[in-house]
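For reference, the structure is listed below as structure tokens.
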Amino acid sequence: LGMFVAMRHRRERLQNLVHDYVHIMELKDASEKTEKENELVHLLTDWLEACNEKSDKCTVLFDKMKPLFEELLDKETKPGARIPLLNQIWSDRDMFPKLSQWIVGGDGWAYDIGFGGLDHVEAFEANDVNVLVVDTEMYSNTG
């Protein structure tokens, strides 16, 4: 359960960073932005719209974004680097794809020890969590 919460928190942070970057870029004058920056902003906007969908769209969008990030970050390492926010987004790039979490435990864990947390996770359809409860064939209460 802790890994699920940590992943959700990191993904929400990435969403906030992406939203901030898109907002900053939208405020810039068109003459100040490169074609690559415009393309990246467009893909990031699409990602923000699809980031909570249970599909592979996020992964496909990230595959398109990756070369743009690499090119723009390469330019930013030169003197006069412009947007450190792009570096923060890149550092959380493993959160771009929509990942599902697996929680595995025994029947004692699932029905007694872990039940208090499991009902909170499963209560929301947006949580992409799979739970595998293994029948240990004895009620050991340790999972």
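Residue numbering restarts at 1 in every chain; chains get A, B, ... in the order shown in the structure tokens, and ligands count up from 1 in that same order.
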> Please, which residues of range 22-109 of chain A, numbered as in this document, come out alpha helix (DSSP H) from DSSP, as a PyMOL selection string?
Replying inline: chain A and resi 22-27+35-50+57-76+84-91+107-108
> Near range 86-101 of chain A, counting only C-alpha atoms, which residues have an atom at most 8 Å away, once you skip same-chain residues fewer than 2 positions from it, shown as an MDAnalysis selection string?
Replying inline: chainID A and resid 4 7 10:11 14 17:18 21 51:56 58:59 62 69 73 83:84 103 128:130
> Quick one: residues within 12 Å of Lys64 in chain A, only C-alpha atoms counted, chain neighbours fewer than 5 positions away excluded, as JSON, numbers by chain?
Replying inline: {"A": [36, 39, 40, 41, 42, 43, 44, 46, 47, 57, 58, 59, 69, 70, 96]}
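Take the candidates A:Glu35, A:Leu85, A:Val134, A:Thr45 and check each one against Asp107 in chain A using only C-alpha atoms; the shortest distance goes to A:Val134.
Across the structure, CA of Met3 in chain A and CA of Val131 in chain A are spaced 13.2 Å apart.
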>> My list of candidates is A:Gly106, A:Lys28, A:Thr34, A:Leu48. Which is closest to Asn16 in chain A when distances are computed with only C-alpha atoms?
In response: A:Leu48
